[in-house]
file upload21.csv (CSV, C-alpha atoms)
chain,number,residue,atom,x,y,z
Y,1,MET,CA,6.5,25.8,0.9
Y,2,LYS,CA,5.7,22.1,1.0
Y,3,ILE,CA,7.9,20.0,3.3
Y,4,ALA,CA,7.7,16.3,3.5
Y,5,VAL,CA,9.1,14.5,6.5
Y,6,ALA,CA,10.3,10.9,5.8
Y,7,SER,CA,12.8,8.5,7.2
Y,8,GLY,CA,12.8,5.0,5.8
Y,9,LYS,CA,13.2,3.5,9.2
Y,10,GLY,CA,10.2,3.6,11.6
Y,11,GLY,CA,10.6,5.1,15.1
Y,12,THR,CA,13.3,7.7,14.2
Y,13,GLY,CA,11.1,10.6,15.2
Y,14,LYS,CA,9.4,11.8,12.0
Y,15,SER,CA,6.2,12.7,13.8
Y,16,MET,CA,8.2,14.4,16.5
Y,17,VAL,CA,10.0,16.5,14.0
Y,18,ALA,CA,6.9,17.2,11.9
Y,19,ALA,CA,4.8,18.2,15.0
Y,20,ASN,CA,7.5,20.4,16.5
Y,21,LEU,CA,8.2,22.0,13.2
Y,22,ALA,CA,4.6,22.7,12.5
Y,23,PHE,CA,4.0,24.1,16.0
Y,24,SER,CA,7.0,26.4,15.9
Y,25,LEU,CA,6.3,27.8,12.5
Y,26,SER,CA,2.6,28.4,13.3
Y,27,VAL,CA,3.6,30.9,16.0
Y,28,ALA,CA,4.2,33.4,13.3
Y,29,GLU,CA,2.7,32.0,10.1
Y,30,PRO,CA,-0.2,29.8,8.9
Y,31,VAL,CA,0.7,26.1,8.8
Y,32,THR,CA,-1.2,23.0,7.8
Y,33,LEU,CA,0.2,19.7,9.0
Y,34,PHE,CA,-0.8,16.5,7.2
Y,35,ASP,CA,-0.6,13.1,8.9
Y,36,CYS,CA,-0.1,10.9,5.9
Y,37,ASP,CA,0.7,7.8,7.9
Y,38,VAL,CA,-2.9,6.7,7.1
Y,39,GLU,CA,-2.5,3.1,8.5
Y,40,GLU,CA,-1.7,4.4,12.0
Y,41,PRO,CA,-2.1,8.1,12.2
Y,42,ASN,CA,-1.2,9.5,15.6
Y,43,LEU,CA,0.0,13.1,15.1
Y,44,HIS,CA,-3.1,14.4,16.8
Y,45,LEU,CA,-1.9,13.0,20.1
Y,46,PHE,CA,0.5,15.9,20.3
Y,47,PHE,CA,-2.3,18.4,20.3
Y,48,PRO,CA,-5.1,19.0,22.7
Y,49,GLU,CA,-8.4,17.7,21.4
Y,50,ASP,CA,-10.5,20.1,19.5
Y,51,GLN,CA,-13.7,19.5,17.6
Y,52,PRO,CA,-12.6,17.2,14.7
Y,53,GLU,CA,-14.4,17.5,11.4
Y,54,VAL,CA,-14.5,14.1,9.7
Y,55,SER,CA,-15.4,13.5,6.1
Y,56,SER,CA,-15.3,10.2,4.3
Y,57,VAL,CA,-13.0,9.1,1.5
Y,58,SER,CA,-14.4,6.8,-1.2
Y,59,ILE,CA,-13.2,5.2,-4.3
Y,60,LEU,CA,-15.3,4.3,-7.3
Y,61,VAL,CA,-15.8,0.6,-7.9
Y,62,PRO,CA,-17.8,-1.3,-10.6
Y,63,ASP,CA,-21.4,-2.2,-10.2
Y,64,VAL,CA,-22.5,-4.7,-12.7
Y,65,ASP,CA,-26.1,-4.6,-14.0
Y,66,PRO,CA,-27.1,-8.3,-14.3
Y,67,ASP,CA,-29.9,-7.5,-16.7
Y,68,ARG,CA,-27.5,-5.9,-19.2
Y,69,CYS,CA,-24.5,-8.2,-18.6
Y,70,THR,CA,-23.9,-10.8,-21.3
Y,71,LEU,CA,-21.2,-12.7,-19.3
Y,72,CYS,CA,-18.8,-12.1,-22.1
Y,73,GLY,CA,-15.9,-11.7,-19.6
Y,74,GLU,CA,-14.3,-8.6,-21.1
Y,75,CYS,CA,-14.3,-6.8,-17.8
Y,76,ALA,CA,-12.5,-9.8,-16.1
Y,77,ARG,CA,-10.0,-10.0,-18.9
Y,78,PHE,CA,-9.2,-6.3,-18.6
Y,79,CYS,CA,-8.7,-6.3,-14.8
Y,80,ALA,CA,-5.0,-6.8,-14.0
Y,81,PHE,CA,-5.8,-7.6,-10.3
Y,82,GLY,CA,-8.5,-10.2,-10.7
Y,83,ALA,CA,-11.2,-8.0,-9.0
Y,84,LEU,CA,-13.8,-9.3,-11.5
Y,85,VAL,CA,-14.5,-12.9,-12.3
Y,86,ALA,CA,-17.0,-13.9,-14.9
Y,87,ALA,CA,-18.7,-17.0,-13.5
Y,88,ARG,CA,-21.2,-19.0,-15.4
Y,89,ASP,CA,-24.3,-17.1,-14.3
Y,90,ARG,CA,-22.9,-13.8,-12.9
Y,91,VAL,CA,-19.9,-11.6,-12.6
Y,92,LEU,CA,-18.3,-11.7,-9.1
Y,93,PHE,CA,-16.6,-8.6,-7.7
Y,94,PHE,CA,-13.8,-8.8,-5.1
Y,95,PRO,CA,-13.6,-5.2,-3.7
Y,96,LEU,CA,-10.2,-5.4,-2.0
Y,97,HIS,CA,-8.6,-6.3,-5.3
Y,98,CYS,CA,-10.1,-3.3,-7.1
Y,99,HIS,CA,-7.7,-0.4,-7.7
Y,100,SER,CA,-10.5,1.9,-8.9
Y,101,CYS,CA,-9.1,2.4,-12.4
Y,102,GLY,CA,-12.5,2.5,-14.2
Y,103,GLY,CA,-11.1,0.3,-17.0
Y,104,CYS,CA,-13.8,-2.4,-16.7
Y,105,MET,CA,-16.5,0.1,-17.3
Y,106,VAL,CA,-14.7,1.1,-20.6
Y,107,ALA,CA,-14.0,-2.5,-21.5
Y,108,CYS,CA,-17.7,-3.6,-21.1
Y,109,PRO,CA,-19.2,-3.8,-24.6
Y,110,ALA,CA,-22.8,-4.1,-23.2
Y,111,GLY,CA,-22.6,-0.9,-21.1
Y,112,ALA,CA,-23.5,-3.0,-18.1
Y,113,ILE,CA,-21.0,-1.5,-15.6
Y,114,ARG,CA,-21.5,1.8,-13.8
Y,115,GLU,CA,-19.3,3.1,-11.0
Y,116,THR,CA,-20.5,3.4,-7.4
Y,117,PRO,CA,-18.6,4.8,-4.4
Y,118,ARG,CA,-17.1,2.6,-1.7
Y,119,GLN,CA,-15.8,4.2,1.5
Y,120,ILE,CA,-12.2,3.2,2.3
Y,121,GLY,CA,-11.2,5.8,4.8
Y,122,THR,CA,-11.7,9.3,6.3
Y,123,VAL,CA,-10.0,12.7,6.4
Y,124,THR,CA,-10.2,14.5,9.7
Y,125,GLU,CA,-9.5,18.2,10.1
Y,126,ARG,CA,-8.6,19.7,13.5
Y,127,SER,CA,-8.2,23.4,14.1
Y,128,ILE,CA,-5.3,23.3,16.6
Y,129,SER,CA,-4.9,27.1,16.8
Y,130,PRO,CA,-5.9,30.0,14.5
Y,131,ASN,CA,-2.6,29.4,12.6
Y,132,LEU,CA,-2.4,25.6,12.7
Y,133,LEU,CA,-4.6,23.1,11.0
Y,134,LEU,CA,-4.0,19.4,11.3
Y,135,VAL,CA,-5.3,17.2,8.5
Y,136,THR,CA,-5.3,13.4,9.3
Y,137,GLY,CA,-5.9,10.7,6.7
Y,138,THR,CA,-7.2,7.4,8.1
Y,139,LEU,CA,-7.4,4.2,6.2
Y,140,ASN,CA,-10.2,1.9,7.3
Y,141,GLU,CA,-9.1,-1.3,8.9
Y,142,GLY,CA,-8.7,-4.1,6.4
Y,143,GLU,CA,-8.4,-1.7,3.4
Y,144,VAL,CA,-5.3,-1.6,1.2
Y,145,LEU,CA,-5.5,1.5,-0.9
Y,146,GLY,CA,-3.8,3.9,1.5
Y,147,VAL,CA,-2.5,6.0,-1.4
Y,148,LYS,CA,-6.0,7.1,-2.2
Y,149,VAL,CA,-6.6,8.4,1.3
Y,150,ILE,CA,-3.2,10.2,1.3
Y,151,ARG,CA,-4.2,11.8,-2.0
Y,152,ALA,CA,-7.6,12.9,-0.6
Y,153,ALA,CA,-6.0,14.3,2.6
Y,154,LYS,CA,-3.3,16.2,0.7
Y,155,GLY,CA,-6.0,17.6,-1.6
Y,156,ARG,CA,-7.0,19.8,1.4
Y,157,ALA,CA,-3.8,21.8,1.1
Y,158,GLY,CA,-4.4,25.5,0.3
Y,159,ALA,CA,-2.1,28.5,-0.1
Y,160,GLU,CA,-0.7,28.4,3.5
Y,161,SER,CA,2.8,29.6,4.0
Y,162,TRP,CA,3.9,26.2,5.3
Y,163,ILE,CA,2.5,22.8,4.4
Y,164,ILE,CA,4.1,19.8,6.2
Y,165,PHE,CA,3.5,16.2,5.1
Y,166,ASP,CA,4.4,13.6,7.7
Y,167,ALA,CA,5.1,10.3,5.9
Y,168,SER,CA,4.8,6.7,7.0
Y,169,PRO,CA,7.9,4.7,7.5
Y,170,GLY,CA,9.3,2.7,4.5
Y,171,THR,CA,9.9,3.6,0.9
Y,172,SER,CA,6.9,2.2,-0.9
Y,173,CYS,CA,3.8,3.6,-2.5
Y,174,PRO,CA,2.4,5.6,0.5
Y,175,VAL,CA,5.7,7.4,1.0
Y,176,VAL,CA,6.1,8.1,-2.7
Y,177,GLU,CA,2.5,9.5,-2.7
Y,178,THR,CA,3.3,11.6,0.4
Y,179,LEU,CA,6.4,13.1,-1.3
Y,180,GLU,CA,4.5,13.9,-4.5
Y,181,GLY,CA,4.5,17.7,-5.0
Y,182,ALA,CA,6.8,18.4,-2.0
Y,183,ASP,CA,9.4,21.2,-2.5
Y,184,PHE,CA,11.7,19.7,0.1
Y,185,CYS,CA,12.1,16.5,2.1
Y,186,ILE,CA,13.4,16.3,5.7
Y,187,LEU,CA,14.9,12.9,6.3
Y,188,VAL,CA,14.9,12.0,10.0
Y,189,THR,CA,17.5,9.4,11.0
Y,190,GLU,CA,19.1,8.1,14.2
Y,191,SER,CA,22.7,7.1,14.9
Y,192,THR,CA,22.3,3.4,14.5
Y,193,PRO,CA,23.3,1.1,11.5
Y,194,PHE,CA,19.5,0.6,10.9
Y,195,GLY,CA,18.8,4.3,10.8
Y,196,LEU,CA,21.6,4.9,8.3
Y,197,HIS,CA,20.7,1.9,6.2
Y,198,ASP,CA,17.1,3.1,5.8
Y,199,LEU,CA,18.2,6.7,5.4
Y,200,ALA,CA,20.1,5.7,2.3
Y,201,LEU,CA,16.9,4.0,0.9
Y,202,ALA,CA,14.7,7.0,1.7
Y,203,TYR,CA,17.3,9.4,0.2
Y,204,ASP,CA,17.2,7.3,-3.0
Y,205,VAL,CA,13.5,7.9,-3.2
Y,206,THR,CA,14.0,11.7,-2.9
Y,207,LEU,CA,16.6,11.5,-5.7
Y,208,GLN,CA,14.2,9.6,-8.0
Y,209,LYS,CA,11.5,12.1,-7.2
Y,210,GLY,CA,13.9,15.0,-7.8
Y,211,ILE,CA,13.1,16.5,-4.4
Y,212,PRO,CA,16.0,18.3,-2.5
Y,213,SER,CA,16.5,16.9,1.0
Y,214,GLY,CA,18.2,17.5,4.3
Y,215,VAL,CA,18.8,15.3,7.3
Y,216,VAL,CA,17.8,15.6,10.9
Y,217,VAL,CA,19.7,13.3,13.2
Y,218,ASN,CA,17.5,12.4,16.2
Y,219,ARG,CA,18.4,10.7,19.5
Y,220,SER,CA,22.0,11.4,18.8
Y,221,ASP,CA,24.5,9.9,21.2
Y,222,GLY,CA,27.2,12.1,19.8
Y,223,ARG,CA,28.7,9.2,17.8
Y,224,ASP,CA,27.1,10.1,14.4
Y,225,ASP,CA,30.3,10.0,12.4
Y,226,VAL,CA,28.9,7.5,9.9
Y,227,VAL,CA,25.7,9.5,9.3
Y,228,HIS,CA,27.8,12.7,8.8
Y,229,ARG,CA,30.2,10.8,6.5
Y,230,PHE,CA,27.2,9.6,4.4
Y,231,CYS,CA,25.7,13.1,4.2
Y,232,ASN,CA,29.1,14.6,3.2
Y,233,GLU,CA,29.5,12.0,0.5
Y,234,LYS,CA,26.1,12.6,-0.9
Y,235,ASN,CA,26.2,16.3,-0.3
Y,236,ILE,CA,23.1,16.3,1.9
Y,237,PRO,CA,22.9,19.1,4.4
Y,238,VAL,CA,22.5,18.2,8.0
Y,239,LEU,CA,19.8,20.5,9.3
Y,240,ALA,CA,19.9,19.6,13.0
Y,241,VAL,CA,21.1,17.1,15.5
Y,242,ILE,CA,18.7,16.4,18.4
Y,243,PRO,CA,20.5,14.8,21.3
Y,244,PHE,CA,19.5,11.7,23.1
Y,245,GLU,CA,18.4,13.3,26.4
Y,246,ARG,CA,16.2,12.2,29.2
Y,247,LYS,CA,14.5,15.6,29.3
Y,248,ILE,CA,13.5,15.4,25.7
Y,249,ALA,CA,12.3,11.8,26.0
Y,250,GLU,CA,10.2,12.7,29.0
Y,251,ILE,CA,8.5,15.6,27.3
Y,252,GLN,CA,8.0,13.5,24.1
Y,253,GLY,CA,6.8,10.5,26.2
Y,254,SER,CA,4.2,12.6,27.9
Y,255,GLY,CA,2.7,13.6,24.5
Y,256,ASP,CA,4.0,17.1,24.7
Y,257,LEU,CA,6.3,19.0,22.3
Y,258,ILE,CA,9.8,20.2,23.1
Y,259,ALA,CA,9.1,23.4,21.1
Y,260,ARG,CA,6.0,24.1,23.2
Y,261,ARG,CA,7.9,23.6,26.5
Y,262,ASP,CA,11.1,25.3,25.6
Y,263,PRO,CA,11.4,28.5,23.4
Y,264,ALA,CA,15.0,27.6,22.5
Y,265,TRP,CA,13.6,24.5,20.7
Y,266,LYS,CA,10.9,26.5,19.0
Y,267,ASP,CA,13.6,28.8,17.6
Y,268,ARG,CA,15.6,25.8,16.5
Y,269,PHE,CA,12.7,24.3,14.6
Y,270,CYS,CA,11.9,27.6,13.0
Y,271,ALA,CA,15.5,27.7,11.8
Y,272,ILE,CA,15.0,24.2,10.3
Y,273,GLY,CA,12.0,25.5,8.4
Y,274,ARG,CA,14.0,28.5,7.1
Y,275,ALA,CA,16.9,26.3,6.1
Y,276,CYS,CA,14.5,24.1,4.1
Y,277,ARG,CA,13.2,27.2,2.3
Y,278,SER,CA,16.6,28.6,1.5
Y,279,LEU,CA,17.9,25.1,0.3
Y,280,MET,CA,14.9,24.7,-1.9
Y,281,GLU,CA,15.4,28.2,-3.4
Y,282,GLY,CA,19.1,27.5,-3.8
Y,283,GLY,CA,18.5,24.2,-5.4
Y,284,ALA,CA,15.8,25.4,-7.8
E,1,MET,CA,-15.4,-34.7,-16.6
E,2,ILE,CA,-12.7,-32.1,-17.0
E,3,LEU,CA,-10.0,-31.8,-14.3
E,4,CYS,CA,-7.3,-29.2,-13.8
E,5,ILE,CA,-4.0,-29.9,-12.0
E,6,PRO,CA,-1.7,-27.0,-11.2
E,7,SER,CA,1.8,-28.2,-11.9
E,8,VAL,CA,5.4,-27.1,-12.0
E,9,GLY,CA,5.8,-28.3,-15.7
E,10,PRO,CA,3.9,-29.2,-18.8
E,11,ASP,CA,4.2,-33.1,-18.6
E,12,SER,CA,2.1,-35.6,-16.7
E,13,GLY,CA,5.4,-36.8,-15.1
E,14,ASP,CA,6.0,-33.3,-13.6
E,15,SER,CA,5.2,-32.6,-9.9
E,16,ILE,CA,1.9,-30.9,-9.0
E,17,ASP,CA,2.4,-27.4,-7.6
E,18,ASP,CA,0.9,-27.0,-4.1
E,19,ARG,CA,0.2,-23.3,-4.9
E,20,PHE,CA,-2.8,-22.6,-7.0
E,21,GLY,CA,-2.6,-19.1,-8.6
E,22,ARG,CA,1.2,-19.1,-8.9
E,23,ALA,CA,1.6,-22.5,-10.4
E,24,PRO,CA,3.5,-22.2,-13.7
E,25,TYR,CA,1.3,-24.6,-15.5
E,26,PHE,CA,-2.3,-25.8,-15.5
E,27,ILE,CA,-2.8,-29.3,-16.9
E,28,ILE,CA,-6.2,-30.1,-18.1
E,29,TYR,CA,-7.2,-33.7,-18.0
E,30,ASP,CA,-10.3,-35.1,-19.8
E,31,THR,CA,-11.5,-38.3,-18.0
E,32,GLU,CA,-13.6,-39.3,-21.1
E,33,THR,CA,-10.8,-39.3,-23.6
E,34,ASP,CA,-7.9,-39.8,-21.1
E,35,THR,CA,-6.0,-36.9,-22.6
E,36,ILE,CA,-4.0,-34.2,-21.0
E,37,THR,CA,-3.5,-30.6,-22.4
E,38,PRO,CA,-0.9,-28.4,-20.7
E,39,HIS,CA,-1.4,-24.6,-20.5
E,40,ARG,CA,1.1,-22.1,-19.3
E,41,ASN,CA,-0.3,-20.0,-16.5
E,42,GLU,CA,0.1,-16.4,-17.9
E,43,SER,CA,-0.9,-14.9,-14.5
E,44,ALA,CA,1.6,-16.8,-12.4
E,45,GLY,CA,3.9,-13.8,-11.9
E,46,GLY,CA,1.1,-11.2,-11.5
E,47,MET,CA,1.1,-8.5,-8.9
E,48,GLY,CA,-2.0,-9.7,-7.2
E,49,GLY,CA,-5.3,-11.5,-7.7
E,50,VAL,CA,-3.5,-14.5,-9.3
E,51,GLY,CA,-5.9,-16.9,-7.5
E,52,LEU,CA,-8.9,-15.1,-9.0
E,53,LYS,CA,-7.2,-15.0,-12.4
E,54,ALA,CA,-6.6,-18.8,-12.1
E,55,ALA,CA,-10.2,-19.3,-11.2
E,56,GLN,CA,-11.2,-17.4,-14.3
E,57,PHE,CA,-9.0,-19.6,-16.4
E,58,LEU,CA,-10.7,-22.7,-15.0
E,59,LEU,CA,-14.1,-21.2,-15.7
E,60,ASN,CA,-13.1,-20.4,-19.2
E,61,HIS,CA,-12.0,-23.9,-19.8
E,62,GLY,CA,-15.1,-25.6,-18.5
E,63,VAL,CA,-13.3,-27.3,-15.7
E,64,ASP,CA,-15.4,-29.4,-13.3
E,65,ALA,CA,-12.8,-29.9,-10.6
E,66,VAL,CA,-9.3,-28.8,-9.7
E,67,ILE,CA,-6.9,-31.0,-7.8
E,68,ALA,CA,-4.8,-28.8,-5.5
E,69,GLY,CA,-2.9,-28.6,-2.3
E,70,ARG,CA,-5.0,-25.7,-1.1
E,71,VAL,CA,-6.9,-22.8,-2.6
E,72,GLY,CA,-7.2,-19.4,-1.0
E,73,GLY,CA,-10.5,-17.8,0.2
E,74,ASN,CA,-11.2,-15.5,-2.8
E,75,ALA,CA,-10.4,-18.1,-5.4
E,76,LEU,CA,-12.4,-20.7,-3.6
E,77,GLU,CA,-15.4,-18.4,-3.6
E,78,ALA,CA,-15.1,-17.8,-7.3
E,79,LEU,CA,-14.7,-21.5,-8.0
E,80,LYS,CA,-17.7,-22.4,-5.9
E,81,ALA,CA,-19.8,-19.7,-7.7
E,82,GLY,CA,-18.8,-21.4,-11.0
E,83,GLY,CA,-19.6,-24.9,-9.6
E,84,ILE,CA,-16.0,-26.0,-9.7
E,85,LYS,CA,-15.0,-28.4,-7.0
E,86,VAL,CA,-11.6,-28.2,-5.2
E,87,LEU,CA,-10.2,-31.7,-4.5
E,88,LEU,CA,-7.4,-31.7,-2.0
E,89,TYR,CA,-4.2,-33.6,-2.9
E,90,GLN,CA,-1.6,-33.6,-0.1
E,91,GLY,CA,1.9,-34.5,-0.9
E,92,LYS,CA,4.4,-34.0,-3.6
E,93,GLY,CA,3.3,-36.5,-6.3
E,94,THR,CA,3.3,-36.1,-10.0
E,95,VAL,CA,0.3,-35.0,-12.2
E,96,LYS,CA,-0.1,-38.6,-13.2
E,97,GLU,CA,-0.3,-39.7,-9.5
E,98,ALA,CA,-2.8,-37.0,-8.7
E,99,ILE,CA,-5.0,-38.1,-11.5
E,100,SER,CA,-4.7,-41.7,-10.4
E,101,GLY,CA,-5.6,-40.6,-6.8
E,102,PHE,CA,-8.7,-38.9,-8.2
E,103,LEU,CA,-9.7,-42.0,-10.3
E,104,HIS,CA,-9.4,-44.2,-7.3
E,105,GLY,CA,-11.7,-41.8,-5.4
E,106,GLY,CA,-9.3,-40.9,-2.7
E,107,LEU,CA,-9.5,-37.1,-2.8
E,108,LYS,CA,-11.5,-35.0,-0.3
E,109,GLU,CA,-13.2,-31.8,-1.3
E,110,GLN,CA,-12.1,-28.5,0.2
E,111,GLU,CA,-15.0,-26.9,2.0

call {"tool": "encode", "arguments": {"input": "upload21.csv", "output": "structure tokens"}}
result
Amino acid sequence: MKIAVASGKGGTGKSMVAANLAFSLSVAEPVTLFDCDVEEPNLHLFFPEDQPEVSSVSILVPDVDPDRCTLCGECARFCAFGALVAARDRVLFFPLHCHSCGGCMVACPAGAIRETPRQIGTVTERSISPNLLLVTGTLNEGEVLGVKVIRAAKGRAGAESWIIFDASPGTSCPVVETLEGADFCILVTESTPFGLHDLALAYDVTLQKGIPSGVVVNRSDGRDDVVHRFCNEKNIPVLAVIPFERKIAEIQGSGDLIARRDPAWKDRFCAIGRACRSLMEGGA
Amino acid sequence: MILCIPSVGPDSGDSIDDRFGRAPYFIIYDTETDTITPHRNESAGGMGGVGLKAAQFLLNHGVDAVIAGRVGGNALEALKAGGIKVLLYQGKGTVKEAISGFLHGGLKEQE
């Protein structure tokens, strides 16, 4: 069962939900939690430091052999992003523009281009407990191809009972990549006009991807009528409502998990996981 | 000498465009023959790398200098590698006025 946790709006509590869900389910079954917010991963802060295993993520980029290159410019003509420029005496390469498609190598009639790896990020594995593995994708500062790092991180998924992908905010490429292959998507929102607005955007993404979804309302002040009305209209199940409470905020603010501190919350998060599973099976 | 002036339209009376890669037209001016040839910038609406695409266009057309409001870092690097000078023209003049500014020697080079 692969569950993505997304929201549209930032700061609604995606990571809080993902971490508590992963922790709660891991008490009984194997879980791998993926931090797919590769530009600012921070899920590991919820868990005591273990011995992280770091491996690098590279993309293949062109390397032009000046002895073979005839400066014909076919590679530059092919590249949609201007990553290669055929100057008068050499071909210039602008690495941050390269999307690693390999097309220039195919387009080169002189066979002057070979591909060479360029590191753009890392994947870190942390064994949190015998049942819980945390996999974190991290994009190097200044790099732009976060999608490649997300893909590399998600590639570590095995046959665990529960696989949880924590997405970045927004609705653009990194979120779409995070949702790829998910069986279900938990949309975390808050009872503000901003939360609702972005919930609608994120919901549209799940529709386009054909992924069934459910909503968790976080930091609820009890006045969530508009969110519930939206969910009713769209026929989206509301999986849980987490109240806006000082106690929860204090636990969360100290870097702890409400499910670790309070067995009642652990049970509630396990119930969210089970609801996702039955909704996925019902929808399929 | 071959000059290029990014512009909003195809005529010498059209305004220059202070953007480089996203200018809708590139006007090529030959100082020897005093002729202008307009080219539509096919990359103007591209997703990214339009400055580099524009630099490639200038390289392909044997341009010696471009008159522009400002050119971004990557494009400037590509232009320099191709020996193309960037001459700064501040203000909202027409292509004709920019050419005249160049001919009177009043344009500074972007470093």

call {"tool": "closest_residue", "arguments": {"input": "upload21.csv", "among": "Y:Val31, Y:Ala167, Y:Met1, Y:Cys75", "to": "chain E", "atoms": "all atoms listed in the file"}}
result
Y:Cys75

call {"tool": "atom_distance", "arguments": {"input": "upload21.csv", "atom1": "atom CA of Y:Asp225", "atom2": "atom CA of Y:Ser191"}}
result
8.5 Å

call {"tool": "atom_distance", "arguments": {"input": "upload21.csv", "atom1": "atom CA of Y:Pro243", "atom2": "atom CA of Y:Arg219"}}
result
4.9 Å

call {"tool": "closest_residue", "arguments": {"input": "upload21.csv", "among": "Y:Leu45, Y:Ala18, Y:Cys72, Y:Ala83", "to": "E:Ala75", "atoms": "only C-alpha atoms"}}
result
Y:Ala83

call {"tool": "atom_distance", "arguments": {"input": "upload21.csv", "atom1": "atom CA of Y:Val57", "atom2": "atom CA of Y:Gly10"}}
result
25.9 Å

call {"tool": "closest_residue", "arguments": {"input": "upload21.csv", "among": "E:Ile27, E:Val8, E:Met1, E:Met47", "to": "chain Y", "atoms": "all atoms listed in the file"}}
result
E:Met47

call {"tool": "closest_atom_pairs", "arguments": {"input": "upload21.csv", "of": "chain Y", "to": "chain E", "cutoff": "6 Å", "atoms": "all atoms listed in the file", "output": "JSON lines"}}
result
{"residue": "Y:Phe81", "atom": "CA", "partner": "E:Gly49", "partner_atom": "CA", "distance": 4.7}
{"residue": "Y:Gly82", "atom": "CA", "partner": "E:Gly49", "partner_atom": "CA", "distance": 4.6}
{"residue": "Y:Val85", "atom": "CA", "partner": "E:Gln56", "partner_atom": "CA", "distance": 5.9}
{"residue": "Y:Ala87", "atom": "CA", "partner": "E:Gly82", "partner_atom": "CA", "distance": 5.1}
{"residue": "Y:Arg88", "atom": "CA", "partner": "E:Gly82", "partner_atom": "CA", "distance": 5.6}

call {"tool": "residues_around", "arguments": {"input": "upload21.csv", "residues": "stretch 12-17 of chain Y", "least_positions_apart": "4", "cutoff": "6 Å", "atoms": "only C-alpha atoms", "output": "count of residues only"}}
result
4

call {"tool": "residues_around", "arguments": {"input": "upload21.csv", "residues": "Y:His228", "least_positions_apart": "2", "cutoff": "10 Å", "atoms": "all atoms listed in the file", "output": "ChimeraX atom specification"}}
result
/Y:191,196,215,217,223-226,230-238

call {"tool": "residues_near_point", "arguments": {"input": "upload21.csv", "point": "(1.3, -26.6, -6.9)", "cutoff": "12 Å", "atoms": "only C-alpha atoms", "output": "compact mmCIF listing (two decimals) with C-alpha atoms, in the frame of the given file"}}
result
# COMPACT_ATOMS: atom_id res chain seq x y z
CA CYS E 4 -7.30 -29.20 -13.80
CA ILE E 5 -4.00 -29.90 -12.00
CA PRO E 6 -1.70 -27.00 -11.20
CA SER E 7 1.80 -28.20 -11.90
CA VAL E 8 5.40 -27.10 -12.00
CA GLY E 9 5.80 -28.30 -15.70
CA ASP E 14 6.00 -33.30 -13.60
CA SER E 15 5.20 -32.60 -9.90
CA ILE E 16 1.90 -30.90 -9.00
CA ASP E 17 2.40 -27.40 -7.60
CA ASP E 18 0.90 -27.00 -4.10
CA ARG E 19 0.20 -23.30 -4.90
CA PHE E 20 -2.80 -22.60 -7.00
CA GLY E 21 -2.60 -19.10 -8.60
CA ARG E 22 1.20 -19.10 -8.90
CA ALA E 23 1.60 -22.50 -10.40
CA PRO E 24 3.50 -22.20 -13.70
CA TYR E 25 1.30 -24.60 -15.50
CA PHE E 26 -2.30 -25.80 -15.50
CA ILE E 27 -2.80 -29.30 -16.90
CA ASN E 41 -0.30 -20.00 -16.50
CA ALA E 44 1.60 -16.80 -12.40
CA VAL E 66 -9.30 -28.80 -9.70
CA ILE E 67 -6.90 -31.00 -7.80
CA ALA E 68 -4.80 -28.80 -5.50
CA GLY E 69 -2.90 -28.60 -2.30
CA ARG E 70 -5.00 -25.70 -1.10
CA VAL E 71 -6.90 -22.80 -2.60
CA LEU E 88 -7.40 -31.70 -2.00
CA TYR E 89 -4.20 -33.60 -2.90
CA GLN E 90 -1.60 -33.60 -0.10
CA GLY E 91 1.90 -34.50 -0.90
CA LYS E 92 4.40 -34.00 -3.60
CA GLY E 93 3.30 -36.50 -6.30
CA THR E 94 3.30 -36.10 -10.00
CA VAL E 95 0.30 -35.00 -12.20
CA ALA E 98 -2.80 -37.00 -8.70

call {"tool": "closest_residue", "arguments": {"input": "upload21.csv", "among": "E:Ile2, E:Leu107, E:Ala65, E:Leu76", "to": "E:Thr37", "atoms": "all atoms listed in the file"}}
result
E:Ile2

call {"tool": "residues_around", "arguments": {"input": "upload21.csv", "residues": "Y:Val205", "least_positions_apart": "3", "cutoff": "8 Å", "atoms": "all atoms listed in the file", "output": "list of chain:residue names"}}
result
Y:Thr171, Y:Val176, Y:Leu201, Y:Ala202, Y:Gln208, Y:Lys209

call {"tool": "closest_residue", "arguments": {"input": "upload21.csv", "among": "Y:Gly181, Y:Pro52, Y:Pro30, Y:Pro41", "to": "Y:Asp166", "atoms": "all atoms listed in the file"}}
result
Y:Pro41

call {"tool": "decode", "arguments": {"input": "upload21.csv", "residues": "stretch 100-105 of chain E", "atoms": "N, CA and C atoms", "output": "mmCIF file, in the first residue's frame"}}
result
data_model
loop_
_atom_site.group_PDB
_atom_site.id
_atom_site.type_symbol
_atom_site.label_atom_id
_atom_site.label_comp_id
_atom_site.auth_asym_id
_atom_site.auth_seq_id
_atom_site.Cartn_x
_atom_site.Cartn_y
_atom_site.Cartn_z
ATOM 1 N N SER E 100 21.828 54.495 -34.444
ATOM 2 C CA SER E 100 22.444 55.817 -34.509
ATOM 3 C C SER E 100 23.343 56.055 -33.294
ATOM 4 N N GLY E 101 22.870 55.576 -32.127
ATOM 5 C CA GLY E 101 23.677 55.659 -30.907
ATOM 6 C C GLY E 101 24.995 54.920 -31.076
ATOM 7 N N PHE E 102 24.916 53.770 -31.698
ATOM 8 C CA PHE E 102 26.136 52.990 -31.940
ATOM 9 C C PHE E 102 27.065 53.727 -32.907
ATOM 10 N N LEU E 103 26.495 54.240 -34.001
ATOM 11 C CA LEU E 103 27.309 54.883 -35.045
ATOM 12 C C LEU E 103 28.007 56.149 -34.502
ATOM 13 N N HIS E 104 27.391 56.765 -33.500
ATOM 14 C CA HIS E 104 28.025 57.947 -32.894
ATOM 15 C C HIS E 104 28.942 57.562 -31.740
ATOM 16 N N GLY E 105 29.104 56.259 -31.565
ATOM 17 C CA GLY E 105 30.086 55.783 -30.589
ATOM 18 C C GLY E 105 29.702 56.012 -29.141
#
